[in-house]
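Structure file entry-v2.csv (CSV, C-alpha atoms) is printed below.
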chain,number,residue,atom,x,y,z
A,197,MET,CA,59.9,121.4,146.7
A,198,PHE,CA,60.2,119.1,149.8
A,199,GLY,CA,61.1,115.6,150.6
A,200,TYR,CA,63.7,115.5,147.8
A,201,ASP,CA,67.0,113.8,148.6
A,202,LEU,CA,70.1,114.9,146.8
A,203,GLY,CA,73.0,113.1,145.1
A,204,ILE,CA,76.1,115.3,145.2
A,205,ASP,CA,79.4,114.8,143.3
A,206,LEU,CA,81.8,117.1,145.2
A,207,GLY,CA,84.7,117.4,142.8
A,208,THR,CA,87.8,119.5,142.8
A,209,SER,CA,86.7,121.5,139.7
A,210,SER,CA,82.9,121.2,139.8
A,211,ILE,CA,79.9,120.3,142.0
A,212,VAL,CA,77.1,118.3,140.3
A,213,ILE,CA,73.8,117.8,142.1
A,214,SER,CA,71.1,115.3,141.1
A,215,VAL,CA,67.6,114.9,142.5
A,216,VAL,CA,65.8,111.5,142.4
A,217,GLY,CA,63.4,111.5,139.5
A,218,LYS,CA,64.7,114.7,138.0
A,219,GLY,CA,68.4,113.8,137.2
A,220,VAL,CA,71.1,116.5,137.2
A,221,VAL,CA,69.7,119.8,138.3
A,222,LEU,CA,72.9,121.7,139.0
A,223,ASP,CA,76.4,121.6,137.5
A,224,GLU,CA,78.7,124.5,138.6
A,225,PRO,CA,82.4,125.1,139.0
A,226,ALA,CA,83.6,124.4,142.6
A,227,TYR,CA,85.1,127.8,143.1
A,228,VAL,CA,84.5,130.5,145.6
A,229,ALA,CA,85.5,134.2,145.6
A,230,TYR,CA,85.7,135.3,149.2
A,231,ASP,CA,86.7,138.3,151.3
A,232,GLU,CA,90.1,137.4,152.8
A,233,GLU,CA,89.6,139.5,155.9
A,234,LYS,CA,86.1,138.1,156.8
A,235,GLU,CA,86.5,134.7,155.1
A,236,LYS,CA,83.0,135.2,153.7
A,237,ILE,CA,81.9,134.1,150.2
A,238,ILE,CA,81.1,136.9,147.8
A,239,TYR,CA,80.6,134.7,144.7
A,240,ALA,CA,80.3,131.0,144.1
A,241,GLY,CA,80.3,128.8,141.0
A,242,LYS,CA,80.7,130.3,137.6
A,243,ARG,CA,81.1,133.9,138.7
A,244,ALA,CA,84.0,132.9,141.0
A,245,TYR,CA,85.5,130.7,138.3
A,246,TYR,CA,85.7,133.5,135.7
A,247,LEU,CA,87.1,135.9,138.3
A,248,GLN,CA,90.1,133.8,139.0
A,249,GLY,CA,93.3,135.6,137.9
A,250,ARG,CA,91.3,138.9,137.8
A,251,GLU,CA,90.6,139.3,141.6
A,252,PRO,CA,90.5,142.9,143.0
A,253,ASN,CA,92.5,143.6,146.2
A,254,GLY,CA,91.1,141.8,149.3
A,255,ILE,CA,89.3,139.2,147.2
A,256,LYS,CA,90.7,135.7,146.7
A,257,VAL,CA,89.4,132.8,144.5
A,258,ILE,CA,90.1,129.2,145.5
A,259,GLN,CA,88.8,125.7,145.2
A,260,PRO,CA,87.9,124.7,148.8
A,261,ILE,CA,87.7,121.0,147.9
A,262,VAL,CA,91.0,119.6,146.9
A,263,ASN,CA,91.5,116.1,145.5
A,264,GLY,CA,88.1,115.0,146.8
A,265,ALA,CA,88.9,116.2,150.4
A,266,VAL,CA,87.9,119.3,152.3
A,267,GLY,CA,90.7,121.9,152.0
A,268,ASN,CA,89.0,124.8,153.7
A,269,TYR,CA,86.2,123.7,156.1
A,270,SER,CA,84.4,127.1,156.5
A,271,LEU,CA,84.4,127.9,152.8
A,272,THR,CA,83.3,124.3,151.9
A,273,CYS,CA,80.3,124.7,154.2
A,274,GLN,CA,79.4,128.0,152.6
A,275,LEU,CA,79.8,126.7,149.1
A,276,VAL,CA,77.7,123.5,149.6
A,277,LYS,CA,75.1,125.5,151.5
A,278,HIS,CA,74.9,128.0,148.6
A,279,PHE,CA,74.2,125.2,146.0
A,280,ILE,CA,71.8,123.2,148.2
A,281,ASN,CA,69.8,126.4,148.7
A,282,LYS,CA,69.9,127.0,145.0
A,283,VAL,CA,68.4,123.6,144.3
A,284,LEU,CA,65.9,123.4,147.1
A,285,LYS,CA,65.1,127.2,147.0
A,286,LYS,CA,63.1,128.1,150.1
A,287,SER,CA,62.3,124.6,151.3
A,288,ILE,CA,62.3,124.3,155.1
A,289,PHE,CA,63.0,120.5,154.8
A,290,ARG,CA,66.6,119.3,155.2
A,291,PRO,CA,67.5,116.7,152.6
A,292,ARG,CA,69.3,113.4,153.0
A,293,VAL,CA,72.5,113.4,150.8
A,294,VAL,CA,74.5,110.7,149.1
A,295,ALA,CA,77.9,112.2,148.3
A,296,SER,CA,80.8,110.7,146.4
A,297,ILE,CA,84.3,110.3,147.8
A,298,PRO,CA,87.6,109.1,146.3
A,299,ALA,CA,88.1,105.4,146.5
A,300,VAL,CA,91.0,105.9,148.9
A,301,SER,CA,89.9,108.2,151.7
A,302,THR,CA,90.9,108.3,155.4
A,303,ASP,CA,88.3,108.1,158.2
A,304,VAL,CA,89.2,111.7,159.1
A,305,GLU,CA,88.6,112.9,155.6
A,306,LYS,CA,85.2,111.2,155.6
A,307,ARG,CA,84.1,112.6,158.9
A,308,ILE,CA,85.2,116.1,157.9
A,309,LEU,CA,83.3,115.9,154.6
A,310,ILE,CA,80.1,114.5,156.3
A,311,SER,CA,80.4,117.3,158.9
A,312,ALA,CA,80.7,120.0,156.2
A,313,ILE,CA,77.7,118.8,154.3
A,314,ILE,CA,75.5,118.5,157.4
A,315,SER,CA,76.6,122.0,158.5
A,316,ALA,CA,75.6,123.2,155.0
A,317,GLY,CA,72.0,122.0,155.6
A,318,ALA,CA,71.8,118.3,155.1
A,319,ARG,CA,69.8,116.1,157.5
A,320,SER,CA,72.1,113.1,157.2
A,321,VAL,CA,74.8,112.0,154.8
A,322,CYS,CA,76.0,108.7,153.2
A,323,LEU,CA,79.3,108.6,151.5
A,324,VAL,CA,79.8,106.2,148.5
A,325,GLU,CA,83.1,105.7,146.6
A,326,SER,CA,83.3,107.5,143.3
A,327,PRO,CA,83.9,104.3,141.2
A,328,ILE,CA,80.7,102.7,142.5
A,329,CYS,CA,78.8,105.9,141.8
A,330,ALA,CA,80.3,106.2,138.4
A,331,ALA,CA,79.3,102.6,137.6
A,332,PHE,CA,75.8,103.3,138.7
A,333,GLY,CA,75.6,106.5,136.6
A,334,ALA,CA,77.0,104.7,133.6
A,335,GLY,CA,74.2,102.2,133.7
A,336,ILE,CA,76.2,99.3,135.1
A,337,ASP,CA,74.7,97.5,138.1
A,338,PRO,CA,77.7,96.9,140.5
A,339,MET,CA,75.5,94.6,142.5
A,340,ASN,CA,75.9,92.0,139.7
A,341,PRO,CA,78.4,89.2,140.6
A,342,SER,CA,80.4,89.8,137.4
A,343,GLY,CA,83.1,92.4,137.7
A,344,ALA,CA,83.1,95.9,136.2
A,345,PHE,CA,86.3,97.9,135.7
A,346,VAL,CA,85.9,101.6,136.1
A,347,ILE,CA,88.3,104.5,135.7
A,348,ASP,CA,86.9,107.9,136.8
A,349,ILE,CA,89.2,110.7,135.7
A,350,GLY,CA,88.2,113.9,137.5
A,351,ALA,CA,90.0,117.2,137.9
A,352,GLY,CA,92.0,116.5,141.1
A,353,THR,CA,92.1,112.7,141.3
A,354,THR,CA,91.6,109.6,139.2
A,355,ASP,CA,89.8,106.7,140.8
A,356,ILE,CA,90.4,103.2,139.5
A,357,ALA,CA,88.4,100.2,140.7
A,358,VAL,CA,87.3,96.6,139.9
A,359,ILE,CA,83.8,96.4,141.3
A,360,SER,CA,81.8,93.2,142.1
A,361,GLN,CA,78.6,92.7,144.1
A,362,GLY,CA,78.4,96.2,145.5
A,363,SER,CA,82.0,96.5,146.7
A,364,MET,CA,85.4,97.3,145.3
A,365,SER,CA,87.6,94.2,144.9
A,366,ARG,CA,90.6,96.3,144.0
A,367,PHE,CA,91.0,100.0,143.9
A,368,GLU,CA,93.4,102.9,143.6
A,369,THR,CA,93.2,106.7,143.8
A,370,ILE,CA,96.0,108.8,142.3
A,371,LYS,CA,96.5,112.5,142.2
A,372,THR,CA,97.0,112.6,138.4
A,373,ALA,CA,93.9,113.9,136.5
A,374,GLY,CA,92.6,116.8,134.5
A,375,ASP,CA,94.5,119.4,136.6
A,376,SER,CA,97.7,117.5,135.9
A,377,PHE,CA,97.1,117.9,132.2
A,378,ASP,CA,96.7,121.6,132.6
A,379,GLU,CA,99.9,121.9,134.6
A,380,ALA,CA,101.8,119.9,131.9
A,381,ILE,CA,100.5,122.3,129.3
A,382,ILE,CA,101.6,125.3,131.3
A,383,LYS,CA,105.1,123.8,131.8
A,384,PHE,CA,105.4,122.9,128.1
A,385,LEU,CA,104.6,126.4,126.9
A,386,ARG,CA,107.0,127.9,129.5
A,387,ASP,CA,109.8,125.6,128.5
A,388,GLU,CA,109.3,125.4,124.8
A,389,TYR,CA,108.0,128.9,123.9
A,390,MET,CA,109.1,131.0,126.9
A,391,LEU,CA,105.4,131.8,127.4
A,392,ASN,CA,103.6,132.2,130.8
A,393,ILE,CA,99.9,131.4,130.7
A,394,GLY,CA,97.2,131.1,133.3
A,395,ILE,CA,95.3,128.0,134.4
A,396,ARG,CA,92.1,129.1,132.5
A,397,THR,CA,94.1,129.4,129.2
A,398,ALA,CA,95.6,125.9,129.8
A,399,GLU,CA,92.2,124.5,130.2
A,400,GLU,CA,91.0,126.1,127.0
A,401,ILE,CA,94.0,124.7,125.1
A,402,LYS,CA,93.2,121.2,126.5
A,403,LYS,CA,89.5,121.4,125.5
A,404,ASN,CA,90.1,122.9,122.1
A,405,ILE,CA,93.1,121.0,120.7
A,406,GLY,CA,94.2,118.6,123.4
A,407,SER,CA,94.0,114.8,122.7
A,408,ALA,CA,95.1,111.5,124.1
A,409,VAL,CA,96.1,110.2,120.7
A,410,GLU,CA,97.3,112.2,117.6
A,411,ARG,CA,94.6,113.3,115.2
A,412,LEU,CA,94.8,112.3,111.6
A,413,ASN,CA,94.5,115.9,110.6
A,414,ASP,CA,96.3,118.1,113.1
A,415,ILE,CA,94.8,121.3,114.4
A,416,SER,CA,96.2,124.4,116.1
A,417,MET,CA,95.3,127.5,118.0
A,418,GLU,CA,96.8,130.9,118.9
A,419,VAL,CA,97.8,131.2,122.5
A,420,ARG,CA,98.3,134.5,124.2
A,421,GLY,CA,100.3,135.0,127.4
A,422,ARG,CA,103.3,136.8,128.8
A,423,SER,CA,106.8,136.4,127.6
A,424,THR,CA,109.2,135.0,130.2
A,425,ALA,CA,112.0,136.9,128.5
A,426,ASN,CA,110.8,140.4,128.7
A,427,GLY,CA,107.4,140.3,130.5
A,428,LEU,CA,105.6,141.7,127.4
A,429,PRO,CA,102.5,140.2,125.8
A,430,LYS,CA,103.3,137.4,123.4
A,431,THR,CA,101.3,135.2,121.0
A,432,VAL,CA,102.3,131.8,119.7
A,433,GLU,CA,100.7,129.1,117.6
A,434,VAL,CA,100.4,125.7,119.3
A,435,THR,CA,99.5,122.4,117.5
A,436,GLY,CA,97.3,119.6,118.9
A,437,LYS,CA,100.2,117.2,118.3
A,438,GLU,CA,102.4,119.2,120.7
A,439,ILE,CA,99.7,119.1,123.4
A,440,CYS,CA,99.2,115.4,122.9
A,441,GLU,CA,102.9,114.7,123.4
A,442,CYS,CA,103.2,117.0,126.5
A,443,ILE,CA,100.4,115.2,128.4
A,444,GLN,CA,101.6,111.6,127.6
A,445,ILE,CA,103.6,111.3,130.8
A,446,GLU,CA,100.4,112.1,132.9
A,447,LEU,CA,98.3,109.7,130.9
A,448,ASN,CA,100.9,106.9,131.3
A,449,LYS,CA,100.7,107.4,135.1
A,450,ILE,CA,97.0,106.6,135.0
A,451,VAL,CA,97.6,103.6,132.7
A,452,ASN,CA,100.4,102.3,135.1
A,453,ALA,CA,98.0,102.6,138.1
A,454,ALA,CA,95.3,100.8,136.1
A,455,ARG,CA,97.8,98.0,135.2
A,456,THR,CA,98.8,97.6,138.9
A,457,THR,CA,95.1,97.4,139.9
A,458,LEU,CA,94.5,94.6,137.3
A,459,GLU,CA,97.7,92.7,138.4
A,460,HIS,CA,96.2,92.4,141.9
A,461,THR,CA,92.8,91.3,140.7
A,462,SER,CA,91.6,87.7,140.9
A,463,PRO,CA,91.7,85.7,137.6
A,464,GLN,CA,87.9,85.2,137.6
A,465,LEU,CA,87.3,89.0,137.8
A,466,ILE,CA,89.9,89.6,135.1
A,467,ALA,CA,87.9,87.3,132.9
A,468,ASP,CA,84.8,89.3,133.7
A,469,VAL,CA,86.5,92.5,132.8
A,470,THR,CA,87.9,91.1,129.6
A,471,ASN,CA,84.5,89.9,128.6
A,472,GLY,CA,83.0,93.3,129.3
A,473,SER,CA,84.6,96.7,128.8
A,474,LEU,CA,86.4,99.4,130.7
A,475,ILE,CA,84.0,102.1,131.8
A,476,LEU,CA,85.7,105.5,131.4
A,477,THR,CA,84.0,108.4,133.2
A,478,GLY,CA,84.8,111.8,134.6
A,479,GLY,CA,85.1,115.2,132.9
A,480,SER,CA,88.5,114.3,131.5
A,481,ALA,CA,87.1,111.3,129.8
A,482,GLN,CA,85.8,113.7,127.2
A,483,LEU,CA,89.4,114.5,126.0
A,484,TYR,CA,89.7,113.5,122.3
A,485,GLY,CA,90.9,110.0,121.8
A,486,MET,CA,90.7,108.8,125.4
A,487,ASP,CA,88.9,105.6,124.4
A,488,LYS,CA,91.4,104.8,121.7
A,489,PHE,CA,94.3,105.5,124.1
A,490,PHE,CA,93.1,103.2,126.9
A,491,ALA,CA,92.0,100.5,124.4
A,492,GLY,CA,95.5,100.5,122.9
A,493,THR,CA,97.4,100.5,126.2
A,494,LEU,CA,95.3,98.2,128.3
A,495,LYS,CA,94.1,95.9,125.4
A,496,LEU,CA,90.5,96.3,126.6
A,497,ASP,CA,87.3,97.4,125.0
A,498,VAL,CA,86.5,100.9,126.3
A,499,THR,CA,83.1,102.5,126.8
A,500,ILE,CA,82.6,106.2,127.5
A,501,PRO,CA,78.9,106.7,128.6
A,502,PRO,CA,77.0,109.8,127.5
A,503,HIS,CA,77.8,112.9,129.6
A,504,PRO,CA,80.7,111.2,131.5
A,505,GLY,CA,81.3,114.2,133.7
A,506,SER,CA,77.9,113.8,135.4
A,507,CYS,CA,78.1,110.0,135.8
A,508,VAL,CA,79.1,110.2,139.5
A,509,SER,CA,76.3,112.5,140.4
A,510,ARG,CA,73.8,110.4,138.5
A,511,GLY,CA,75.2,107.4,140.3
A,512,CYS,CA,74.6,109.1,143.7
A,513,GLU,CA,71.0,109.6,142.6
A,514,VAL,CA,70.8,105.8,141.8
A,515,ALA,CA,72.4,105.0,145.2
A,516,LEU,CA,69.6,106.9,146.9
A,517,LYS,CA,67.1,104.5,145.3
A,518,LYS,CA,69.2,101.4,146.2
A,519,MET,CA,70.0,102.3,149.8
A,520,HIS,CA,68.0,99.2,150.9
A,521,ILE,CA,70.7,97.2,149.1
A,522,LEU,CA,73.7,99.3,149.8
A,523,ASP,CA,73.1,99.1,153.6
A,524,THR,CA,73.8,95.4,153.5
A,525,TYR,CA,77.3,96.4,152.3
A,526,GLY,CA,77.9,98.8,155.2
A,527,TYR,CA,76.7,102.0,153.7
A,528,SER,CA,74.5,104.1,155.9
A,529,PHE,CA,73.4,107.7,156.5
A,530,LYS,CA,75.3,109.5,159.3
A,531,THR,CA,73.7,112.2,161.4
A,532,LYS,CA,75.1,115.3,163.1
A,533,GLU,CA,75.6,113.5,166.4
A,534,GLU,CA,77.3,110.5,164.8
A,535,VAL,CA,80.1,112.6,163.3
A,536,ARG,CA,80.2,115.2,166.0
A,537,THR,CA,79.7,118.2,163.7
A,538,ARG,CA,81.3,121.4,164.9

When written as structure tokens, how does the structure in this file appear?
Amino acid sequence: MFGYDLGIDLGTSSIVISVVGKGVVLDEPAYVAYDEEKEKIIYAGKRAYYLQGREPNGIKVIQPIVNGAVGNYSLTCQLVKHFINKVLKKSIFRPRVVASIPAVSTDVEKRILISAIISAGARSVCLVESPICAAFGAGIDPMNPSGAFVIDIGAGTTDIAVISQGSMSRFETIKTAGDSFDEAIIKFLRDEYMLNIGIRTAEEIKKNIGSAVERLNDISMEVRGRSTANGLPKTVEVTGKEICECIQIELNKIVNAARTTLEHTSPQLIADVTNGSLILTGGSAQLYGMDKFFAGTLKLDVTIPPHPGSCVSRGCEVALKKMHILDTYGYSFKTKEEVRTR
């Protein structure tokens, strides 16, 4: 394999890589298990993800990318290099990369991310905001003069934007997303049932019985954890209705941010958005009833595209094909020299 350029969605919880003409070729958890003394990766991806909470002495599992920004430079470089090599195998050619970033990112965060990806093996890097990538990946052409309203709910951040003619007219990034739902579930079980659970268990609860709106026929599941009263193992039965109620505060934070974005949008773009539909993407868009929830609270038609979790990565792939258009809007590939890579 040579000459292949990559589209990469560097998320808090997962890394998704697409190749032009091939689509999504890799979707792995963005976790690393590393030797604390040497700060060298031992496992990356799924093996590190399932090791969390079960680490032996001297080994630590973390997410080196936090809220769309580099939290640990060295481990981020190792993680991205591991996955690029996994995709390109033994190719001696260094790829160009289009990578997604949160809608609100500082210049320092952008330079560090570009530096990390180049250090991981890329020839040059172009950063494109997640909502634009999500719109591309959902099949919407943001280059059209009519506006598109996108909410991309990831693990660490939610990006909200009104897009028109290749740029974001109004945008917002908030640190309320999938991880916030998990934390709300953990707090609810601790307060209501005096039960301590891990982040993996909270994620399973969210995926199995969580919902944005109440189901007509409620469901439940047994949850095992440690009692806060005596420290012994404890099992409780939790209903979907309870989980729905406990994450409402977090969902309303996203809705309030979306309303604020719309309030500052021009009347003509609002008309475009009303004539179209809200595009809901990101892994958390798969939570049961998300389309009904946002349709009811924002009074808009809602569309969730197929495989919403990979929309941003697929959009990065599309952006690679449209670079001749995107460069007229200020997007360009940066090289090692331009960002002064370490």

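Taking only C-alpha atoms into account, Pro327 (chain A) lies nearest to A:Asp205 out of the set A:Lys430, A:Gln248, A:Asp205, A:Leu483.
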
Contacts of Ala373 (chain A) within 10 Å, only C-alpha atoms, excl. fewer than 6 positions in-chain, as a PyMOL selection string = chain A and resi 263+348-355+446-447+449-450+478-481

Hey, can you pull every residue with an atom no more than 10 Å from (93.5, 119.7, 112.3), using all atoms listed in the file, and send it as a PyMOL selection string?
-> chain A and resi 405+410-417+435-437

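A straight line drawn from CA of Ile356 (chain A) to CA of Thr531 (chain A) is 29.0 Å long.
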
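Note that CA of Asn253 (chain A) and CA of Glu232 (chain A) are 9.4 Å apart.
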
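Straight-line separation from CA of Gly264 (chain A) to CA of Leu247 (chain A): 22.6 Å.
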
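You can rank A:Met339, A:Ala467, A:Val346, A:Ala491 by their closest distance to Met519 (chain A) using all atoms listed in the file, and at the top of that list sits A:Met339.
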
Scan for residues within 10 Å of the point (82.9, 112.4, 157.8) in the coordinates of the file, using only C-alpha atoms, and reply as number ranges by chain.
-> A: 302-314, 321-323, 530-532, 534-537

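Ranking A:Ala454, A:Ala408, A:Val228, A:Leu516 by their shortest atom-to-atom distance to Gly485 (chain A), with only C-alpha atoms included, puts A:Ala408 first.
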
Using only C-alpha atoms, pick whichever of A:Ile237, A:Val409, A:Ile443, A:Ile336 has the shortest atom-to-atom distance to Ser270 (chain A).
-> A:Ile237

A:Lys218, A:Arg420, A:Arg455, A:Arg292 ranked by distance to Phe490 (chain A), top pick (using only C-alpha atoms) | A:Arg455

Which residue gives the smallest distance to Ile213 (chain A) among A:Ser506, A:Asn471, A:Ser320, A:Thr524, with all atoms listed in the file counted?
-> A:Ser506

Could you pull the residues within 12 Å of Glu379 (chain A), counting all atoms listed in the file, minus those fewer than 3 positions along the same chain, as a ChimeraX atom specification?
-> /A:351-352,372-376,382-386,392-399,401-402,439,442-443,445-446

Skip Glu233 (chain A) itself and residues of its chain fewer than 2 positions away, then list as a list of chain:residue names all residues within 8 Å of it, counting all atoms listed in the file.
-> A:Asp231, A:Glu235, A:Gly254

Can you pull out every residue within 10 Å of Pro341 (chain A), counting only C-alpha atoms, but drop anything in the same chain fewer than 5 positions away, and send it as a ChimeraX atom specification?
-> /A:359-362,465,468

What does region 277-369 of chain A look like written to a file with C-alpha atoms, as a PDB file, in the first residue's frame?
ATOM      1  CA  LYS A 277       2.011   5.814  15.173  1.00  0.00           C
ATOM      2  CA  HIS A 278       0.782   2.376  16.256  1.00  0.00           C
ATOM      3  CA  PHE A 279      -2.488   2.775  14.360  1.00  0.00           C
ATOM      4  CA  ILE A 280      -0.980   4.414  11.266  1.00  0.00           C
ATOM      5  CA  ASN A 281       1.463   1.510  11.013  1.00  0.00           C
ATOM      6  CA  LYS A 282      -1.411  -0.917  11.481  1.00  0.00           C
ATOM      7  CA  VAL A 283      -3.229   0.645   8.510  1.00  0.00           C
ATOM      8  CA  LEU A 284      -0.246   1.200   6.202  1.00  0.00           C
ATOM      9  CA  LYS A 285       1.602  -1.940   7.360  1.00  0.00           C
ATOM     10  CA  LYS A 286       5.189  -1.869   6.037  1.00  0.00           C
ATOM     11  CA  SER A 287       4.789   1.023   3.612  1.00  0.00           C
ATOM     12  CA  ILE A 288       7.813   3.323   3.456  1.00  0.00           C
ATOM     13  CA  PHE A 289       5.655   6.201   2.232  1.00  0.00           C
ATOM     14  CA  ARG A 290       4.519   8.835   4.715  1.00  0.00           C
ATOM     15  CA  PRO A 291       0.842   9.741   4.238  1.00  0.00           C
ATOM     16  CA  ARG A 292      -0.864  13.087   4.210  1.00  0.00           C
ATOM     17  CA  VAL A 293      -3.470  13.262   6.971  1.00  0.00           C
ATOM     18  CA  VAL A 294      -6.694  15.194   7.398  1.00  0.00           C
ATOM     19  CA  ALA A 295      -7.614  15.083  11.087  1.00  0.00           C
ATOM     20  CA  SER A 296     -10.629  16.430  12.938  1.00  0.00           C
ATOM     21  CA  ILE A 297     -10.504  18.945  15.789  1.00  0.00           C
ATOM     22  CA  PRO A 298     -13.210  20.386  18.066  1.00  0.00           C
ATOM     23  CA  ALA A 299     -14.963  23.461  16.667  1.00  0.00           C
ATOM     24  CA  VAL A 300     -13.414  25.561  19.443  1.00  0.00           C
ATOM     25  CA  SER A 301      -9.668  24.883  19.614  1.00  0.00           C
ATOM     26  CA  THR A 302      -6.769  27.200  20.435  1.00  0.00           C
ATOM     27  CA  ASP A 303      -3.807  27.727  18.108  1.00  0.00           C
ATOM     28  CA  VAL A 304      -1.592  26.006  20.665  1.00  0.00           C
ATOM     29  CA  GLU A 305      -3.846  22.929  20.736  1.00  0.00           C
ATOM     30  CA  LYS A 306      -3.828  22.813  16.930  1.00  0.00           C
ATOM     31  CA  ARG A 307      -0.032  23.066  16.688  1.00  0.00           C
ATOM     32  CA  ILE A 308       0.482  20.363  19.309  1.00  0.00           C
ATOM     33  CA  LEU A 309      -1.950  18.011  17.544  1.00  0.00           C
ATOM     34  CA  ILE A 310      -0.308  18.568  14.150  1.00  0.00           C
ATOM     35  CA  SER A 311       3.110  18.054  15.732  1.00  0.00           C
ATOM     36  CA  ALA A 312       2.006  14.791  17.363  1.00  0.00           C
ATOM     37  CA  ILE A 313       0.560  13.366  14.123  1.00  0.00           C
ATOM     38  CA  ILE A 314       3.662  14.301  12.109  1.00  0.00           C
ATOM     39  CA  SER A 315       5.906  12.781  14.779  1.00  0.00           C
ATOM     40  CA  ALA A 316       3.766   9.629  14.486  1.00  0.00           C
ATOM     41  CA  GLY A 317       4.650   9.268  10.800  1.00  0.00           C
ATOM     42  CA  ALA A 318       2.566  11.689   8.714  1.00  0.00           C
ATOM     43  CA  ARG A 319       4.150  13.743   5.941  1.00  0.00           C
ATOM     44  CA  SER A 320       1.832  16.702   6.459  1.00  0.00           C
ATOM     45  CA  VAL A 321      -1.420  17.394   8.320  1.00  0.00           C
ATOM     46  CA  CYS A 322      -4.530  19.465   7.685  1.00  0.00           C
ATOM     47  CA  LEU A 323      -6.958  20.036  10.570  1.00  0.00           C
ATOM     48  CA  VAL A 324     -10.670  20.411   9.816  1.00  0.00           C
ATOM     49  CA  GLU A 325     -13.346  21.157  12.415  1.00  0.00           C
ATOM     50  CA  SER A 326     -15.424  18.151  13.501  1.00  0.00           C
ATOM     51  CA  PRO A 327     -18.840  19.609  12.506  1.00  0.00           C
ATOM     52  CA  ILE A 328     -17.651  20.186   8.931  1.00  0.00           C
ATOM     53  CA  CYS A 329     -16.233  16.653   8.783  1.00  0.00           C
ATOM     54  CA  ALA A 330     -19.446  15.270  10.297  1.00  0.00           C
ATOM     55  CA  ALA A 331     -21.527  17.074   7.671  1.00  0.00           C
ATOM     56  CA  PHE A 332     -19.329  15.663   4.892  1.00  0.00           C
ATOM     57  CA  GLY A 333     -19.556  12.179   6.386  1.00  0.00           C
ATOM     58  CA  ALA A 334     -23.339  12.410   6.721  1.00  0.00           C
ATOM     59  CA  GLY A 335     -23.654  13.102   3.007  1.00  0.00           C
ATOM     60  CA  ILE A 336     -24.316  16.833   3.337  1.00  0.00           C
ATOM     61  CA  ASP A 337     -22.214  19.148   1.194  1.00  0.00           C
ATOM     62  CA  PRO A 338     -21.277  22.077   3.461  1.00  0.00           C
ATOM     63  CA  MET A 339     -20.128  23.963   0.365  1.00  0.00           C
ATOM     64  CA  ASN A 340     -23.754  24.593  -0.559  1.00  0.00           C
ATOM     65  CA  PRO A 341     -24.929  28.151   0.215  1.00  0.00           C
ATOM     66  CA  SER A 342     -27.868  26.841   2.258  1.00  0.00           C
ATOM     67  CA  GLY A 343     -27.131  26.228   5.915  1.00  0.00           C
ATOM     68  CA  ALA A 344     -26.764  22.891   7.689  1.00  0.00           C
ATOM     69  CA  PHE A 345     -27.132  22.440  11.458  1.00  0.00           C
ATOM     70  CA  VAL A 346     -24.862  19.767  12.931  1.00  0.00           C
ATOM     71  CA  ILE A 347     -24.521  18.410  16.466  1.00  0.00           C
ATOM     72  CA  ASP A 348     -21.658  15.950  16.874  1.00  0.00           C
ATOM     73  CA  ILE A 349     -21.850  14.228  20.278  1.00  0.00           C
ATOM     74  CA  GLY A 350     -18.612  12.406  20.973  1.00  0.00           C
ATOM     75  CA  ALA A 351     -17.212  11.012  24.193  1.00  0.00           C
ATOM     76  CA  GLY A 352     -15.374  14.041  25.560  1.00  0.00           C
ATOM     77  CA  THR A 353     -16.970  16.965  23.727  1.00  0.00           C
ATOM     78  CA  THR A 354     -20.070  17.962  21.803  1.00  0.00           C
ATOM     79  CA  ASP A 355     -19.559  20.177  18.751  1.00  0.00           C
ATOM     80  CA  ILE A 356     -22.488  22.305  17.604  1.00  0.00           C
ATOM     81  CA  ALA A 357     -22.349  24.340  14.403  1.00  0.00           C
ATOM     82  CA  VAL A 358     -24.356  26.023  11.678  1.00  0.00           C
ATOM     83  CA  ILE A 359     -22.398  25.466   8.461  1.00  0.00           C
ATOM     84  CA  SER A 360     -22.715  27.377   5.212  1.00  0.00           C
ATOM     85  CA  GLN A 361     -20.449  27.545   2.149  1.00  0.00           C
ATOM     86  CA  GLY A 362     -17.571  25.624   3.670  1.00  0.00           C
ATOM     87  CA  SER A 363     -17.327  27.535   6.941  1.00  0.00           C
ATOM     88  CA  MET A 364     -18.960  27.594  10.338  1.00  0.00           C
ATOM     89  CA  SER A 365     -21.285  30.569  10.683  1.00  0.00           C
ATOM     90  CA  ARG A 366     -21.942  29.884  14.378  1.00  0.00           C
ATOM     91  CA  PHE A 367     -20.342  27.202  16.500  1.00  0.00           C
ATOM     92  CA  GLU A 368     -19.859  25.981  20.043  1.00  0.00           C
ATOM     93  CA  THR A 369     -17.933  23.210  21.771  1.00  0.00           C
TER      94      THR A 369
END
